[in-house]
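Participant: The structure follows.
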There are 2 protein chains.
Amino acid sequence: MSSQVRNIDDALATITEHWQPHRLASVNDYDVKVVKIQGEFVWHTHPDTDELFMVLSGELTIQLRDRDVTLGPDDVFVVPKGVQHCPKATAEVHALLFEPKGTVNTGDAGGEMTSQLHELA
Amino acid sequence: MSSQVRNIDDALATITEHWQPHRLASVNDYDVKVVKIQGEFVWHTHPDTDELFMVLSGELTIQLRDRDVTLGPDDVFVVPKGVQHCPKATAEVHALLFEPKGTVNTGDAGGEMTSQLHELA
């Protein structure tokens with residue numbers, strides 16, 4: 001892949017649907033993804049990997065089984081490997097995700113919210 | 001490591017020196033680092049890994065042997081594995097780095113600008 005400059009805001013401007021991660025960049029076998037989030041996702045686990053959330057705008061709640069974690073702009077949180085979680089947001093959130101290539105958004109849960117990774121235009 | 005929320009701005013506020021990366025979070029065997037940059041670094045290569053730069057504020061130039069890449073706020077660029085580069089900034093830049101644990105800032109060059117990875121307070 002040729003290396004190019006990507007602007008996060010330009011990338012977000014091209015995304016029209018919630019819960020659809022788009023690949024912003026790759027570092028070795030990891031992807032940095034941009035995503036718009038609104039509503040409630042599904043409870044799921046990534047049995048083999050941690051997952052990093054970085055909020056760019058809005059307020060994101062990551063529900064864990066024992067507590068809720070609330071993230072505002074410029075907050076970063078890592079859901080450890082194997083920990084059940086369910087993100088939700090009342091109003092639209094823009095976020096970055098860092099995780100290994102091939103990580104499926106719904107983890108072990110599957111279902112209709114499962115999305116392939118989109119490439120930016 | 002217990003997982004906690006980290007705020008990028010709070011982290012930056014604790015950093016007083018340039019070119020001293022601090023670990024914001026870890027995802028498996030990768031680190032997300034925050035760093036303040038000003039002046040010119042050293043030409044170096046990471047023979048075994050890509051390196052991601054994300055500019056939060058300021059203007060960062062990543063000199064490559066065949067061109068300069070200029071990054072402003074919210075711009076992301078990946079220096080491919082094995083590519084010689086030398087970052088520089090006239091005024092202070094705040095940036096994130098994403099790379100495998102153990103990646104040394106000066107790569108194969110070494111020298112006095114080599115920094116250990118710092119832990120945030």
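Residue numbering restarts at 1 in every chain; chains get A, B, ... in the order shown in the structure tokens, and ligands count up from 1 in that same order.
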Any chance you could tabulate, as a Markdown table, the residues of chain A at most 7 Å from chain B with each one's nearest atom pair and distance in Å to one decimal, using only C-alpha atoms, in chain and rising number order?
Facilitator:
```
| residue | atom | partner | partner_atom | distance |
| --- | --- | --- | --- | --- |
| A:Ser3 | CA | B:Val78 | CA | 6.2 |
| A:Gln4 | CA | B:Phe77 | CA | 6.2 |
| A:Val5 | CA | B:Phe77 | CA | 4.9 |
| A:Arg6 | CA | B:Val76 | CA | 5.1 |
| A:Asn7 | CA | B:Asp75 | CA | 4.3 |
| A:Ile8 | CA | B:Asp74 | CA | 5.4 |
| A:Asp9 | CA | B:Asp74 | CA | 6.9 |
| A:Val27 | CA | B:Asp50 | CA | 5.5 |
| A:Asn28 | CA | B:Asp50 | CA | 5.8 |
| A:Thr49 | CA | B:Asn28 | CA | 6.6 |
| A:Asp50 | CA | B:Val27 | CA | 5.5 |
| A:Glu51 | CA | B:Val27 | CA | 6.5 |
| A:Leu52 | CA | B:Val27 | CA | 6.5 |
| A:Asp74 | CA | B:Ile8 | CA | 5.3 |
| A:Asp75 | CA | B:Asn7 | CA | 4.3 |
| A:Val76 | CA | B:Arg6 | CA | 5.1 |
| A:Phe77 | CA | B:Val5 | CA | 4.9 |
| A:Val78 | CA | B:Ser3 | CA | 6.2 |
```
Participant: Let's have the selection written as a PDB file, in the first residue's frame, with N, CA, C and O atoms.
Facilitator:
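This went into result_31.pdb:
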```pdb
ATOM      1  N   SER A   3       1.863   4.912   0.984  1.00  0.00           N
ATOM      2  CA  SER A   3       1.541   5.648   2.198  1.00  0.00           C
ATOM      3  C   SER A   3       1.111   7.062   1.833  1.00  0.00           C
ATOM      4  O   SER A   3       1.776   7.739   1.060  1.00  0.00           O
ATOM      5  N   GLN A   4       0.001   7.476   2.351  1.00  0.00           N
ATOM      6  CA  GLN A   4      -0.529   8.794   2.034  1.00  0.00           C
ATOM      7  C   GLN A   4      -1.040   9.444   3.319  1.00  0.00           C
ATOM      8  O   GLN A   4      -1.292   8.767   4.304  1.00  0.00           O
ATOM      9  N   VAL A   5      -1.168  10.768   3.267  1.00  0.00           N
ATOM     10  CA  VAL A   5      -1.725  11.487   4.398  1.00  0.00           C
ATOM     11  C   VAL A   5      -3.239  11.334   4.368  1.00  0.00           C
ATOM     12  O   VAL A   5      -3.876  11.526   3.332  1.00  0.00           O
ATOM     13  N   ARG A   6      -3.798  10.983   5.504  1.00  0.00           N
ATOM     14  CA  ARG A   6      -5.253  10.910   5.649  1.00  0.00           C
ATOM     15  C   ARG A   6      -5.675  11.911   6.715  1.00  0.00           C
ATOM     16  O   ARG A   6      -5.059  11.971   7.777  1.00  0.00           O
ATOM     17  N   ASN A   7      -6.720  12.645   6.422  1.00  0.00           N
ATOM     18  CA  ASN A   7      -7.263  13.572   7.418  1.00  0.00           C
ATOM     19  C   ASN A   7      -8.512  12.949   8.050  1.00  0.00           C
ATOM     20  O   ASN A   7      -9.423  12.510   7.341  1.00  0.00           O
ATOM     21  N   ILE A   8      -8.535  12.945   9.368  1.00  0.00           N
ATOM     22  CA  ILE A   8      -9.639  12.284  10.080  1.00  0.00           C
ATOM     23  C   ILE A   8     -10.974  12.959   9.764  1.00  0.00           C
ATOM     24  O   ILE A   8     -11.988  12.287   9.563  1.00  0.00           O
ATOM     25  N   ASP A   9     -10.982  14.277   9.727  1.00  0.00           N
ATOM     26  CA  ASP A   9     -12.244  14.998   9.492  1.00  0.00           C
ATOM     27  C   ASP A   9     -12.757  14.755   8.076  1.00  0.00           C
ATOM     28  O   ASP A   9     -13.963  14.579   7.863  1.00  0.00           O
ATOM     29  N   VAL A  27      -1.024  -0.108  10.358  1.00  0.00           N
ATOM     30  CA  VAL A  27       0.323  -0.173  10.926  1.00  0.00           C
ATOM     31  C   VAL A  27       0.639  -1.653  11.074  1.00  0.00           C
ATOM     32  O   VAL A  27       0.058  -2.330  11.920  1.00  0.00           O
ATOM     33  N   ASN A  28       1.506  -2.147  10.220  1.00  0.00           N
ATOM     34  CA  ASN A  28       1.786  -3.588  10.190  1.00  0.00           C
ATOM     35  C   ASN A  28       0.461  -4.333  10.026  1.00  0.00           C
ATOM     36  O   ASN A  28      -0.255  -4.064   9.051  1.00  0.00           O
ATOM     37  N   THR A  49      -8.354 -10.319  21.342  1.00  0.00           N
ATOM     38  CA  THR A  49      -7.673  -9.032  21.223  1.00  0.00           C
ATOM     39  C   THR A  49      -8.298  -7.959  22.107  1.00  0.00           C
ATOM     40  O   THR A  49      -9.504  -7.950  22.359  1.00  0.00           O
ATOM     41  N   ASP A  50      -7.429  -7.049  22.560  1.00  0.00           N
ATOM     42  CA  ASP A  50      -7.886  -5.787  23.141  1.00  0.00           C
ATOM     43  C   ASP A  50      -8.483  -4.930  22.033  1.00  0.00           C
ATOM     44  O   ASP A  50      -8.230  -5.141  20.839  1.00  0.00           O
ATOM     45  N   GLU A  51      -9.278  -3.923  22.437  1.00  0.00           N
ATOM     46  CA  GLU A  51      -9.851  -2.991  21.459  1.00  0.00           C
ATOM     47  C   GLU A  51      -9.774  -1.576  22.041  1.00  0.00           C
ATOM     48  O   GLU A  51     -10.284  -1.324  23.126  1.00  0.00           O
ATOM     49  N   LEU A  52      -9.138  -0.672  21.292  1.00  0.00           N
ATOM     50  CA  LEU A  52      -8.989   0.702  21.765  1.00  0.00           C
ATOM     51  C   LEU A  52     -10.043   1.608  21.146  1.00  0.00           C
ATOM     52  O   LEU A  52     -10.256   1.601  19.930  1.00  0.00           O
ATOM     53  N   ASP A  74     -11.354  13.281  23.204  1.00  0.00           N
ATOM     54  CA  ASP A  74      -9.946  13.050  23.546  1.00  0.00           C
ATOM     55  C   ASP A  74      -9.738  12.047  24.664  1.00  0.00           C
ATOM     56  O   ASP A  74      -8.634  11.917  25.185  1.00  0.00           O
ATOM     57  N   ASP A  75     -10.809  11.332  25.024  1.00  0.00           N
ATOM     58  CA  ASP A  75     -10.658  10.234  25.982  1.00  0.00           C
ATOM     59  C   ASP A  75     -10.371   8.934  25.232  1.00  0.00           C
ATOM     60  O   ASP A  75     -10.920   8.678  24.153  1.00  0.00           O
ATOM     61  N   VAL A  76      -9.519   8.130  25.862  1.00  0.00           N
ATOM     62  CA  VAL A  76      -9.106   6.846  25.291  1.00  0.00           C
ATOM     63  C   VAL A  76      -9.376   5.751  26.317  1.00  0.00           C
ATOM     64  O   VAL A  76      -9.110   5.933  27.505  1.00  0.00           O
ATOM     65  N   PHE A  77      -9.908   4.635  25.842  1.00  0.00           N
ATOM     66  CA  PHE A  77     -10.163   3.485  26.723  1.00  0.00           C
ATOM     67  C   PHE A  77      -9.915   2.204  25.945  1.00  0.00           C
ATOM     68  O   PHE A  77     -10.276   2.104  24.776  1.00  0.00           O
ATOM     69  N   VAL A  78      -9.293   1.255  26.623  1.00  0.00           N
ATOM     70  CA  VAL A  78      -9.028  -0.040  26.001  1.00  0.00           C
ATOM     71  C   VAL A  78      -9.898  -1.099  26.680  1.00  0.00           C
ATOM     72  O   VAL A  78      -9.808  -1.298  27.899  1.00  0.00           O
TER      73      VAL A  78
END
```
Participant: Residues of chain A in alpha helix (DSSP H) according to DSSP, as a PyMOL selection string?
Facilitator: chain A and resi 8-13
Participant: Just want the 7 Å neighbourhood of stretch 39-47 of chain A, counted on only C-alpha atoms, with same-chain residues fewer than 6 positions away dropped. Output as a list of chain:residue names.
Facilitator: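 Listing them by chain and then by number gives A:Lys81, A:Gly82, A:Val83, A:Gln84, A:His85, A:Cys86, A:Pro87, A:Lys88, A:Ala89, A:Thr90, A:Thr106, A:Gly107, A:Asp108, A:Ala109.
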Participant: Please write the residues from the selection above to a file, keeping C-alpha atoms, as a PDB file, in the first residue's frame.
Facilitator:
```pdb
ATOM      1  CA  LYS A  81      -9.368  -9.045  25.473  1.00  0.00           C
ATOM      2  CA  GLY A  82     -12.251 -11.268  26.504  1.00  0.00           C
ATOM      3  CA  VAL A  83     -14.254  -8.586  28.325  1.00  0.00           C
ATOM      4  CA  GLN A  84     -17.923  -8.312  27.373  1.00  0.00           C
ATOM      5  CA  HIS A  85     -18.915  -4.819  26.317  1.00  0.00           C
ATOM      6  CA  CYS A  86     -21.670  -2.908  24.559  1.00  0.00           C
ATOM      7  CA  PRO A  87     -21.097   0.664  23.312  1.00  0.00           C
ATOM      8  CA  LYS A  88     -23.970   3.136  23.213  1.00  0.00           C
ATOM      9  CA  ALA A  89     -24.442   6.824  22.483  1.00  0.00           C
ATOM     10  CA  THR A  90     -27.537   8.986  22.752  1.00  0.00           C
ATOM     11  CA  THR A 106     -19.498  -7.704  16.697  1.00  0.00           C
ATOM     12  CA  GLY A 107     -16.793 -10.083  17.943  1.00  0.00           C
ATOM     13  CA  ASP A 108     -18.239 -13.402  19.077  1.00  0.00           C
ATOM     14  CA  ALA A 109     -21.851 -12.178  18.907  1.00  0.00           C
TER      15      ALA A 109
END
```
Participant: Could you tell me how far atom CA of A:Lys33 sits from atom CA of B:Ile62, in Å to one decimal place?
Facilitator: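 Going from atom CA of B:Ile62 over to atom CA of A:Lys33, I get 22.3 Å.
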Participant: At what distance in Å, to one decimal, does atom CA of B:Val104 lie from atom CA of B:Ala13?
Facilitator: 23.0 Å
Participant: Atom CA of B:Val93 and atom CA of A:Val93 are how many Å apart?
Facilitator: 25.7 Å
Participant: List the spatial neighbours of B:His22 as a ChimeraX atom specification - criterion: any atom at most 7 Å away, only C-alpha atoms, same-chain residues fewer than 4 positions off excluded.
Facilitator: /B:33-35,117-120
Participant: So which bits of stretch 11-114 of chain A end up strand (DSSP E or B) when you DSSP the backbone, as a PyMOL selection string?
Facilitator: chain A and resi 22-27+30-40+44+51-57+60-64+68-71+75-79+85-100
Participant: Using only C-alpha atoms, which residue out of B:Ser115, B:Gln63, B:Gln38, B:Ser57 lies closest to B:Leu96?
Facilitator: B:Ser57
